[in-house]
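**Q** The following file, protein06.txt, comprises compact mmCIF, C-alpha atoms:
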# COMPACT_ATOMS: atom_id res chain seq x y z
CA MET R 1 12.44 88.48 20.99
CA LEU R 2 10.70 91.84 20.68
CA ASN R 3 9.80 93.97 23.70
CA PHE R 4 6.23 93.54 24.93
CA ASN R 5 3.66 94.31 27.61
CA PHE R 6 1.44 91.37 28.49
CA TYR R 7 -1.72 91.88 30.53
CA ASN R 8 -4.72 89.60 30.77
CA PRO R 9 -7.03 89.75 33.80
CA THR R 10 -9.79 87.40 32.59
CA HIS R 11 -10.81 84.62 34.96
CA ILE R 12 -11.40 81.36 33.05
CA VAL R 13 -13.80 78.75 34.41
CA PHE R 14 -13.43 75.62 32.28
CA GLY R 15 -15.24 72.29 32.18
CA LYS R 16 -18.50 70.41 32.49
CA ASP R 17 -21.37 71.94 34.49
CA THR R 18 -19.44 75.15 35.14
CA LEU R 19 -22.58 77.24 34.58
CA ASP R 20 -23.29 76.33 38.21
CA GLN R 21 -20.54 78.78 39.19
CA LEU R 22 -22.23 81.73 37.52
CA ASN R 23 -23.96 82.79 40.73
CA SER R 24 -20.62 83.33 42.47
CA LEU R 25 -19.13 85.25 39.54
CA VAL R 26 -21.80 87.91 38.94
CA PRO R 27 -22.34 90.53 41.69
CA ALA R 28 -25.35 89.57 43.80
CA ASP R 29 -27.08 92.93 43.43
CA ALA R 30 -26.33 93.43 39.74
CA LYS R 31 -28.71 94.63 37.09
CA VAL R 32 -27.72 92.24 34.32
CA LEU R 33 -28.27 92.58 30.59
CA ILE R 34 -27.91 89.17 28.93
CA THR R 35 -26.95 89.41 25.27
CA TYR R 36 -27.18 86.68 22.67
CA GLY R 37 -27.54 86.05 18.96
CA GLY R 38 -30.10 83.85 17.26
CA GLY R 39 -32.50 81.37 18.77
CA SER R 40 -30.10 78.51 19.52
CA VAL R 41 -29.50 79.56 23.13
CA ASN R 42 -33.27 79.41 23.60
CA ARG R 43 -33.82 76.20 21.63
CA PHE R 44 -31.20 74.25 23.53
CA GLY R 45 -32.04 75.65 26.95
CA THR R 46 -28.77 77.48 27.55
CA LEU R 47 -30.44 80.81 28.24
CA ASP R 48 -32.80 79.23 30.78
CA LYS R 49 -29.85 77.64 32.58
CA VAL R 50 -28.03 80.96 32.68
CA ILE R 51 -31.03 82.74 34.18
CA GLN R 52 -31.56 79.95 36.73
CA ASN R 53 -28.01 80.48 37.92
CA LEU R 54 -28.56 84.21 38.52
CA PRO R 55 -31.12 84.22 41.34
CA GLY R 56 -31.97 87.57 42.88
CA ARG R 57 -30.64 89.72 40.05
CA THR R 58 -32.67 92.10 37.93
CA ILE R 59 -32.32 90.65 34.44
CA PHE R 60 -32.87 92.16 31.03
CA GLN R 61 -32.36 90.43 27.71
CA PHE R 62 -31.21 91.53 24.28
CA GLY R 63 -31.17 89.03 21.43
CA GLY R 64 -30.59 89.23 17.72
CA ILE R 65 -26.91 90.19 17.59
CA GLU R 66 -25.82 89.26 14.06
CA PRO R 67 -22.93 86.99 13.00
CA ASN R 68 -21.14 90.22 12.03
CA PRO R 69 -22.50 92.47 14.79
CA GLN R 70 -24.01 95.63 13.36
CA TYR R 71 -23.45 99.03 14.95
CA ASN R 72 -27.13 100.02 14.62
CA THR R 73 -28.29 96.80 16.29
CA LEU R 74 -25.87 97.21 19.17
CA MET R 75 -26.97 100.79 19.77
CA LYS R 76 -30.45 99.46 20.62
CA ALA R 77 -28.88 97.41 23.41
CA VAL R 78 -26.90 100.47 24.51
CA GLN R 79 -30.18 102.34 24.94
CA ILE R 80 -31.56 99.55 27.15
CA ALA R 81 -28.41 99.56 29.25
CA LYS R 82 -28.64 103.31 29.74
CA ASP R 83 -32.40 103.42 30.38
CA GLU R 84 -32.29 100.59 32.92
CA ASN R 85 -29.00 101.53 34.60
CA VAL R 86 -27.53 98.14 33.78
CA ASP R 87 -24.29 97.54 35.67
CA PHE R 88 -23.25 94.10 34.36
CA LEU R 89 -23.33 92.52 30.90
CA LEU R 90 -23.35 88.80 30.21
CA ALA R 91 -22.65 87.62 26.66
CA VAL R 92 -24.02 84.14 25.89
CA GLY R 93 -22.80 82.95 22.51
CA GLY R 94 -19.82 83.04 20.20
CA GLY R 95 -17.41 85.68 19.04
CA SER R 96 -19.96 88.00 17.46
CA VAL R 97 -22.06 88.17 20.61
CA MET R 98 -18.97 88.71 22.75
CA ASP R 99 -17.61 91.36 20.38
CA GLY R 100 -20.93 93.15 20.26
CA THR R 101 -21.19 93.07 24.03
CA LYS R 102 -17.76 94.68 24.36
CA PHE R 103 -18.99 97.54 22.22
CA ILE R 104 -22.18 97.81 24.31
CA ALA R 105 -20.02 97.93 27.45
CA LEU R 106 -18.05 100.89 26.09
CA ALA R 107 -20.87 102.78 24.39
CA SER R 108 -23.16 102.62 27.43
CA ARG R 109 -20.67 104.68 29.42
CA TYR R 110 -19.55 106.98 26.60
CA GLU R 111 -20.94 110.50 26.41
CA GLY R 112 -19.73 111.36 22.90
CA ASP R 113 -20.56 110.05 19.43
CA CYS R 114 -20.30 106.27 19.73
CA LEU R 115 -18.83 106.06 16.24
CA ASP R 116 -15.68 107.41 17.92
CA LEU R 117 -15.28 103.98 19.51
CA LEU R 118 -14.60 102.34 16.14
CA THR R 119 -10.84 102.55 15.64
CA PRO R 120 -9.71 101.48 12.14
CA GLU R 121 -6.03 101.90 13.04
CA PHE R 122 -6.31 99.56 16.04
CA ASP R 123 -5.99 102.45 18.52
CA LEU R 124 -7.55 102.15 21.95
CA ALA R 125 -11.08 103.55 22.15
CA PRO R 126 -11.23 107.00 23.80
CA VAL R 127 -12.87 105.87 27.07
CA ASP R 128 -12.03 105.76 30.75
CA SER R 129 -14.57 103.11 31.82
CA ALA R 130 -16.98 100.42 30.61
CA ILE R 131 -19.73 98.28 32.07
CA PRO R 132 -18.09 95.10 33.39
CA MET R 133 -18.96 91.95 31.48
CA GLY R 134 -18.63 88.20 31.52
CA THR R 135 -19.14 85.55 28.87
CA VAL R 136 -20.63 82.10 28.48
CA VAL R 137 -19.03 80.61 25.38
CA THR R 138 -21.16 78.50 23.05
CA LEU R 139 -18.97 78.69 19.94
CA PRO R 140 -15.17 78.25 20.08
CA ALA R 141 -13.48 80.38 17.42
CA THR R 142 -12.51 83.98 18.03
CA GLY R 143 -10.86 83.93 21.45
CA SER R 144 -12.91 87.01 22.32
CA GLU R 145 -13.66 85.45 25.71
CA MET R 146 -10.11 86.21 26.85
CA ASN R 147 -9.05 89.38 25.06
CA ASN R 148 -9.99 93.04 24.81
CA GLY R 149 -10.68 93.26 21.08
CA ALA R 150 -13.83 93.23 18.99
CA VAL R 151 -14.82 93.67 15.36
CA ILE R 152 -17.98 95.66 14.62
CA SER R 153 -19.71 96.11 11.27
CA HIS R 154 -20.91 99.52 10.12
CA LYS R 155 -21.83 100.63 6.62
CA ASN R 156 -20.27 97.55 4.97
CA LEU R 157 -17.06 97.97 6.95
CA LYS R 158 -15.69 95.65 9.61
CA VAL R 159 -13.92 97.88 12.11
CA PRO R 160 -11.89 96.91 15.19
CA VAL R 161 -12.66 98.13 18.70
CA PHE R 162 -10.04 97.88 21.44
CA SER R 163 -10.02 99.01 25.05
CA MET R 164 -8.23 98.06 28.24
CA PHE R 165 -11.70 98.07 29.85
CA THR R 166 -13.20 95.29 27.71
CA PHE R 167 -11.39 92.23 28.99
CA PRO R 168 -14.20 90.01 30.30
CA LYS R 169 -14.16 89.71 34.08
CA PHE R 170 -14.72 85.99 33.63
CA SER R 171 -15.53 83.50 30.90
CA ILE R 172 -17.25 80.17 31.35
CA LEU R 173 -15.99 77.54 28.90
CA ASP R 174 -18.12 74.41 29.12
CA PRO R 175 -17.37 72.30 26.03
CA THR R 176 -20.72 70.52 26.34
CA LEU R 177 -22.47 73.81 25.50
CA THR R 178 -20.93 73.54 22.01
CA PHE R 179 -22.12 70.00 21.24
CA THR R 180 -25.21 71.18 19.34
CA LEU R 181 -23.35 73.47 16.93
CA PRO R 182 -23.89 72.89 13.21
CA THR R 183 -20.96 71.20 11.47
CA THR R 184 -20.15 74.27 9.41
CA GLN R 185 -19.79 76.43 12.53
CA VAL R 186 -17.43 73.92 14.13
CA ALA R 187 -15.32 73.87 10.96
CA ASN R 188 -15.32 77.66 10.91
CA GLY R 189 -14.15 77.71 14.52
CA ILE R 190 -11.28 75.34 13.81
CA ILE R 191 -10.12 77.43 10.85
CA ASP R 192 -10.52 80.74 12.66
CA THR R 193 -8.36 79.42 15.49
CA PHE R 194 -5.81 78.03 13.05
CA ILE R 195 -5.45 81.32 11.19
CA HIS R 196 -5.32 83.37 14.40
CA THR R 197 -2.33 81.25 15.32
CA VAL R 198 -0.43 81.46 12.03
CA GLU R 199 -1.01 85.22 11.76
CA GLN R 200 1.23 85.46 14.84
CA TYR R 201 3.57 82.60 13.97
CA VAL R 202 4.31 82.47 10.23
CA THR R 203 6.06 85.85 10.00
CA TYR R 204 9.85 86.05 10.53
CA PRO R 205 12.06 84.59 13.28
CA VAL R 206 12.88 86.61 16.41
CA ASP R 207 14.02 83.66 18.56
CA ALA R 208 10.78 83.61 20.55
CA ARG R 209 11.00 79.93 21.35
CA PHE R 210 8.19 79.63 23.87
CA GLN R 211 5.75 81.51 21.63
CA ASP R 212 6.72 79.40 18.61
CA ARG R 213 6.42 76.09 20.43
CA THR R 214 3.09 77.08 21.96
CA ALA R 215 1.74 78.15 18.57
CA GLU R 216 2.93 74.87 17.07
CA GLY R 217 1.18 72.97 19.84
CA ILE R 218 -2.09 74.73 19.06
CA LEU R 219 -1.75 74.01 15.33
CA LYS R 220 -0.85 70.34 15.82
CA THR R 221 -3.75 69.91 18.24
CA LEU R 222 -6.21 71.39 15.75
CA ILE R 223 -4.90 69.05 13.05
CA GLU R 224 -5.23 66.07 15.39
CA ILE R 225 -8.76 66.77 16.64
CA GLY R 226 -10.29 68.78 13.80
CA LYS R 227 -11.99 66.03 11.86
CA THR R 228 -12.82 64.09 15.02
CA THR R 229 -14.68 66.92 16.69
CA ILE R 230 -16.72 67.49 13.54
CA GLU R 231 -17.60 63.81 13.06
CA GLU R 232 -18.08 63.13 16.79
CA PRO R 233 -19.65 66.32 18.16
CA THR R 234 -20.20 64.87 21.64
CA ASN R 235 -16.62 63.61 21.98
CA TYR R 236 -15.81 65.66 25.07
CA ASP R 237 -12.04 65.43 24.91
CA ALA R 238 -11.83 66.48 21.28
CA ARG R 239 -14.21 69.41 21.78
CA ALA R 240 -12.52 70.48 25.01
CA ASN R 241 -9.21 70.71 23.18
CA LEU R 242 -10.79 72.85 20.45
CA VAL R 243 -12.37 75.18 23.00
CA TRP R 244 -9.10 75.73 24.84
CA CYS R 245 -7.09 76.15 21.65
CA ALA R 246 -9.50 78.83 20.44
CA THR R 247 -9.05 80.75 23.69
CA MET R 248 -5.29 80.44 23.81
CA ALA R 249 -4.79 81.38 20.17
CA LEU R 250 -5.83 84.99 20.71
CA ASN R 251 -5.43 85.89 24.37
CA GLY R 252 -2.10 87.64 23.78
CA LEU R 253 0.18 84.83 24.91
CA ILE R 254 1.56 83.58 21.59
CA GLY R 255 1.59 87.10 20.16
CA ALA R 256 3.75 88.59 22.90
CA GLY R 257 7.18 89.60 21.66
CA VAL R 258 6.71 88.43 18.07
CA PRO R 259 5.85 90.17 14.78
CA GLN R 260 2.24 89.75 13.67
CA ASP R 261 0.79 89.77 10.16
CA TRP R 262 -3.07 89.91 9.95
CA THR R 263 -3.10 90.29 6.16
CA THR R 264 -5.42 87.31 5.87
CA HIS R 265 -7.93 88.93 8.19
CA MET R 266 -7.77 92.38 6.62
CA ILE R 267 -8.42 91.11 3.09
CA GLY R 268 -10.88 88.55 4.41
CA HIS R 269 -12.96 91.24 6.09
CA GLU R 270 -13.49 92.88 2.70
CA ILE R 271 -14.67 89.61 1.15
CA THR R 272 -17.14 89.10 3.99
CA ALA R 273 -18.42 92.68 3.78
CA MET R 274 -18.84 92.55 -0.01
CA PHE R 275 -20.03 89.00 -0.63
CA GLY R 276 -21.29 87.70 2.73
CA VAL R 277 -18.88 84.76 2.85
CA ASP R 278 -18.35 83.46 6.40
CA HIS R 279 -15.30 85.06 8.04
CA ALA R 280 -13.48 81.75 8.58
CA LYS R 281 -14.15 80.63 5.02
CA THR R 282 -12.48 83.79 3.69
CA LEU R 283 -9.44 82.91 5.78
CA ALA R 284 -9.32 79.39 4.34
CA ILE R 285 -9.48 80.86 0.84
CA LEU R 286 -6.76 83.43 1.39
CA GLN R 287 -4.12 81.81 3.57
CA PRO R 288 -2.69 79.31 1.06
CA ALA R 289 -2.67 82.01 -1.63
CA ILE R 290 -0.92 84.52 0.65
CA TRP R 291 1.80 82.01 1.46
CA GLU R 292 2.26 81.19 -2.22
CA VAL R 293 2.77 84.86 -3.04
CA ARG R 294 4.81 85.70 0.07
CA LYS R 295 6.88 82.54 0.33
CA GLU R 296 10.20 84.38 0.07
CA GLN R 297 9.30 87.00 2.70
CA LYS R 298 8.14 84.23 5.05
CA ARG R 299 10.65 81.63 3.96
CA ALA R 300 12.29 80.80 7.30
CA LYS R 301 9.01 80.47 9.20
CA LEU R 302 7.27 78.54 6.41
CA ILE R 303 10.10 76.01 6.51
CA GLN R 304 9.82 75.83 10.30
CA TYR R 305 6.04 75.46 9.98
CA ALA R 306 6.40 72.59 7.51
CA GLU R 307 8.96 70.80 9.64
CA ARG R 308 7.46 71.24 13.09
CA VAL R 309 3.72 71.29 12.40
CA TRP R 310 3.46 68.90 9.44
CA ASP R 311 6.62 66.82 10.15
CA ILE R 312 7.93 67.40 6.62
CA THR R 313 11.67 66.77 6.83
CA GLU R 314 12.89 64.48 4.04
CA CYS R 315 13.15 66.97 1.17
CA ASP R 316 14.72 70.28 0.17
CA GLU R 317 13.53 73.60 1.59
CA ASP R 318 11.51 74.72 -1.43
CA LEU R 319 9.57 71.47 -1.46
CA LYS R 320 8.99 71.72 2.30
CA ILE R 321 7.30 75.08 1.76
CA GLU R 322 5.16 73.78 -1.09
CA LEU R 323 4.10 70.68 0.83
CA GLY R 324 3.32 72.71 3.93
CA ILE R 325 1.00 74.95 1.94
CA GLN R 326 -0.59 71.97 0.19
CA LYS R 327 -1.21 70.17 3.48
CA THR R 328 -2.78 73.29 4.96
CA ARG R 329 -5.23 73.59 2.08
CA ALA R 330 -6.01 69.87 2.28
CA PHE R 331 -6.71 70.20 6.01
CA PHE R 332 -9.26 72.95 5.41
CA GLU R 333 -10.88 70.96 2.61
CA GLU R 334 -10.99 67.88 4.87
CA LEU R 335 -13.08 69.94 7.28
CA GLY R 336 -15.58 70.56 4.49
CA VAL R 337 -14.49 74.12 3.69
CA LYS R 338 -13.76 75.13 0.10
CA THR R 339 -10.58 77.12 -0.45
CA HIS R 340 -10.99 79.08 -3.69
CA LEU R 341 -12.90 82.28 -4.48
CA SER R 342 -14.54 80.53 -7.43
CA ASP R 343 -16.14 78.05 -5.00
CA TYR R 344 -18.20 81.00 -3.74
CA ASP R 345 -19.01 82.40 -7.21
CA ILE R 346 -16.51 85.24 -6.83
CA THR R 347 -14.98 85.82 -10.25
CA GLU R 348 -11.87 87.63 -11.43
CA GLU R 349 -13.99 90.61 -12.44
CA LYS R 350 -14.80 91.22 -8.77
CA ILE R 351 -11.16 91.51 -7.71
CA GLU R 352 -10.96 95.18 -8.63
CA ASP R 353 -13.95 95.88 -6.38
CA LEU R 354 -12.08 94.27 -3.51
CA ILE R 355 -8.91 96.25 -4.29
CA LEU R 356 -10.92 99.47 -4.30
CA ALA R 357 -12.41 98.54 -0.92
CA LEU R 358 -8.92 97.86 0.49
CA LYS R 359 -7.78 101.24 -0.83
CA ASN R 360 -10.78 103.10 0.59
CA ASN R 361 -10.27 101.46 3.98
CA ASN R 362 -6.58 102.34 4.04
CA ARG R 363 -5.46 98.72 3.88
CA THR R 364 -2.63 99.51 1.50
CA ALA R 365 0.46 98.55 3.52
CA LEU R 366 -0.36 95.19 5.10
CA SER R 367 1.76 92.38 6.60
CA GLU R 368 4.20 92.12 9.49
CA THR R 369 6.60 94.36 7.55
CA GLY R 370 4.08 96.82 6.12
CA ASP R 371 5.21 96.21 2.54
CA LEU R 372 2.18 94.38 1.18
CA THR R 373 0.77 96.83 -1.35
CA LEU R 374 -2.50 96.87 -3.26
CA GLU R 375 -0.70 95.33 -6.21
CA ILE R 376 0.39 92.39 -4.05
CA SER R 377 -3.14 92.07 -2.67
CA ARG R 378 -4.34 91.87 -6.27
CA GLU R 379 -1.84 89.08 -6.94
CA ILE R 380 -3.03 87.22 -3.85
CA LEU R 381 -6.67 87.47 -4.85
CA LYS R 382 -5.90 86.22 -8.36
CA LYS R 383 -3.95 83.33 -6.85
CA ALA R 384 -6.98 82.56 -4.65
CA LEU R 385 -9.34 82.16 -7.59
Show this structure as structure tokens.
**A**
Amino acid sequence: MLNFNFYNPTHIVFGKDTLDQLNSLVPADAKVLITYGGGSVNRFGTLDKVIQNLPGRTIFQFGGIEPNPQYNTLMKAVQIAKDENVDFLLAVGGGSVMDGTKFIALASRYEGDCLDLLTPEFDLAPVDSAIPMGTVVTLPATGSEMNNGAVISHKNLKVPVFSMFTFPKFSILDPTLTFTLPTTQVANGIIDTFIHTVEQYVTYPVDARFQDRTAEGILKTLIEIGKTTIEEPTNYDARANLVWCATMALNGLIGAGVPQDWTTHMIGHEITAMFGVDHAKTLAILQPAIWEVRKEQKRAKLIQYAERVWDITECDEDLKIELGIQKTRAFFEELGVKTHLSDYDITEEKIEDLILALKNNNRTALSETGDLTLEISREILKKAL
């Protein structure tokens, strides 16, 4: 097992009717800026419930945070926070709203050029404080409710933002708040959680048994409840398991002491930026192709994945790998998500545009071993057609 530091201070409040606890979680004298995305939190009454549970606070609102939160949009919220001396932020929504709110928290206290907060090399943002924030999760997917990372879009780039000051103080996870999600967003959330997990699991062995078994538990749970929670959106138990899996997949626990890949995300970000394909759908396109191309580099863990997650045992190792990849693709397709670039009208001629974008964004040495070159990325993208 590799050396690691693990720190996670976020208070999780999980279950039905947990919005009632909001009043005890937000400081009584706070000036609160509530952030959200589109109109769904208004249409389904979530925003009203949030405000009702914050009596006595001065409340401001900022809506319209995009699915890939844009720097220029977020800077408008930063201006409100500064002008009104906001001292608490409350993100009501999914990963994009939470990510955007983390940036707002940092930028509102930063005296320099806020572009400095975007850190392409995954460095910590150059800050010594941030406005404290909490979250009310309405879309299980990114795990942003229990980590300190965010992804912000600026000038057709998706850039990470990390700070030790952007762990949410608390996150409310009421699965019933996700019942009204469109089917495609639920499927996206399942796949995003699945890929978060395998990015930290299907690498190479370091005898991290707890991390491996926990990752396998997340993956098997998603396989068990994925189709059910799409077909039965008000099935509380199925949705509760998805919500908790999404949180646990990216709160640092299964990634502690193990090598991590993130190739799927790095290439996927370029597809989203260039063609507007949903983030999770890019992951479903790329992951089977990456494993096909990198099967020798990931051989031991792909065999373990096939055996432990898909219960494939009665065949030779090469066939285990192939069947594991096939079953993964079939699982994504079963959720209603297509898994080839051609399904999204992305042709072979566009691959060179993506390779140029990877080069320009310094994504030229990807993978857990740093040996995934642009030429290998090209091979992956061709395999994904």
**Q** With distances taken over all atoms listed in the file, which residue among R:Asn156, R:Thr18, R:Ser171, R:Asn8 lies nearest Gly93 of chain R?
**A**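 Selected residue with least distance to Gly93 of chain R: R:Ser171.
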**Q** Do a neighbour search on Tyr110 of chain R at 10 Å with only C-alpha atoms, toss out local chain neighbours closer than 6 positions, and write the hits as number ranges by chain.
**A** R: 104, 116-117, 126-130
**Q** At what distance in Å, to one decimal, does atom CA of Leu219 of chain R lie from atom CA of Asp207 of chain R?
**A**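 One can read the atom CA of Asp207 of chain R to atom CA of Leu219 of chain R distance as 18.8 Å.
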**Q** Using all atoms listed in the file, which residue out of R:Glu145, R:Asp99, R:Glu199, R:Glu333 lies closest to Val258 of chain R?
**A**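 Distance minimum relative to Val258 of chain R lands on R:Glu199.
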**Q** Have a look at atom CA of Ile34 of chain R and atom CA of Ile59 of chain R and let me know their distance in Å, one decimal.
**A**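 Between atom CA of Ile34 of chain R and atom CA of Ile59 of chain R the gap works out to 7.2 Å.
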**Q** What does the structure give for the distance between atom CA of Ile376 of chain R and atom CA of Val293 of chain R, in Å to one decimal?
**A**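 That distance, rounded to one decimal, is 8.0 Å.
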**Q** The residues within 8 Å of (1.3, 83.4, 7.0), using all atoms listed in the file and the coordinates of the file, should be reported as a PyMOL selection string; which are they?
**A** chain R and resi 198-199+201-203+261+264+287+290-291+298+302
**Q** Any chance you could export the current selection's C-alpha atoms as a compact mmCIF listing (two decimals), in the coordinates of the input?
**A**
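Contents of result07.txt, freshly written:
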# COMPACT_ATOMS: atom_id res chain seq x y z
CA VAL R 198 -0.43 81.46 12.03
CA GLU R 199 -1.01 85.22 11.76
CA TYR R 201 3.57 82.60 13.97
CA VAL R 202 4.31 82.47 10.23
CA THR R 203 6.06 85.85 10.00
CA ASP R 261 0.79 89.77 10.16
CA THR R 264 -5.42 87.31 5.87
CA GLN R 287 -4.12 81.81 3.57
CA ILE R 290 -0.92 84.52 0.65
CA TRP R 291 1.80 82.01 1.46
CA LYS R 298 8.14 84.23 5.05
CA LEU R 302 7.27 78.54 6.41
**Q** Neighbouring residues of Ile191 of chain R were defined as those with any atom within 8 Å, considering only C-alpha atoms; residues of the same chain fewer than 6 positions away were excluded. Please report them as a list in words.
**A** Ala141, Ala280, Lys281, Leu283, Ala284 and Phe332 of chain R
**Q** Once N, CA and C atoms are restored for segment 22-35 of chain R, what would the output be as a PDB file, in the coordinates of the input?
**A**
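The resulting out_0.pdb:
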ATOM      1  N   LEU R  22     -21.860  80.389  37.964  1.00  0.00           N
ATOM      2  CA  LEU R  22     -22.230  81.730  37.520  1.00  0.00           C
ATOM      3  C   LEU R  22     -22.694  82.609  38.683  1.00  0.00           C
ATOM      4  N   ASN R  23     -23.420  82.026  39.605  1.00  0.00           N
ATOM      5  CA  ASN R  23     -23.960  82.790  40.730  1.00  0.00           C
ATOM      6  C   ASN R  23     -22.866  83.439  41.574  1.00  0.00           C
ATOM      7  N   SER R  24     -21.719  82.784  41.669  1.00  0.00           N
ATOM      8  CA  SER R  24     -20.620  83.330  42.470  1.00  0.00           C
ATOM      9  C   SER R  24     -19.763  84.327  41.687  1.00  0.00           C
ATOM     10  N   LEU R  25     -19.964  84.404  40.379  1.00  0.00           N
ATOM     11  CA  LEU R  25     -19.130  85.250  39.540  1.00  0.00           C
ATOM     12  C   LEU R  25     -19.757  86.615  39.245  1.00  0.00           C
ATOM     13  N   VAL R  26     -21.082  86.664  39.228  1.00  0.00           N
ATOM     14  CA  VAL R  26     -21.800  87.910  38.940  1.00  0.00           C
ATOM     15  C   VAL R  26     -22.202  88.558  40.266  1.00  0.00           C
ATOM     16  N   PRO R  27     -21.957  89.863  40.432  1.00  0.00           N
ATOM     17  CA  PRO R  27     -22.340  90.530  41.690  1.00  0.00           C
ATOM     18  C   PRO R  27     -23.798  90.265  42.066  1.00  0.00           C
ATOM     19  N   ALA R  28     -24.040  90.017  43.333  1.00  0.00           N
ATOM     20  CA  ALA R  28     -25.350  89.570  43.800  1.00  0.00           C
ATOM     21  C   ALA R  28     -26.447  90.598  43.579  1.00  0.00           C
ATOM     22  N   ASP R  29     -26.073  91.878  43.574  1.00  0.00           N
ATOM     23  CA  ASP R  29     -27.080  92.930  43.430  1.00  0.00           C
ATOM     24  C   ASP R  29     -27.082  93.549  42.036  1.00  0.00           C
ATOM     25  N   ALA R  30     -26.512  92.856  41.067  1.00  0.00           N
ATOM     26  CA  ALA R  30     -26.330  93.430  39.740  1.00  0.00           C
ATOM     27  C   ALA R  30     -27.637  93.517  38.961  1.00  0.00           C
ATOM     28  N   LYS R  31     -27.726  94.567  38.146  1.00  0.00           N
ATOM     29  CA  LYS R  31     -28.710  94.630  37.090  1.00  0.00           C
ATOM     30  C   LYS R  31     -28.023  94.116  35.821  1.00  0.00           C
ATOM     31  N   VAL R  32     -28.445  92.958  35.360  1.00  0.00           N
ATOM     32  CA  VAL R  32     -27.720  92.240  34.320  1.00  0.00           C
ATOM     33  C   VAL R  32     -28.467  92.311  32.990  1.00  0.00           C
ATOM     34  N   LEU R  33     -27.739  92.691  31.945  1.00  0.00           N
ATOM     35  CA  LEU R  33     -28.270  92.580  30.590  1.00  0.00           C
ATOM     36  C   LEU R  33     -27.598  91.383  29.928  1.00  0.00           C
ATOM     37  N   ILE R  34     -28.407  90.359  29.616  1.00  0.00           N
ATOM     38  CA  ILE R  34     -27.910  89.170  28.930  1.00  0.00           C
ATOM     39  C   ILE R  34     -28.046  89.397  27.431  1.00  0.00           C
ATOM     40  N   THR R  35     -26.943  89.221  26.717  1.00  0.00           N
ATOM     41  CA  THR R  35     -26.950  89.410  25.270  1.00  0.00           C
ATOM     42  C   THR R  35     -26.721  88.070  24.578  1.00  0.00           C
TER      43      THR R  35
END
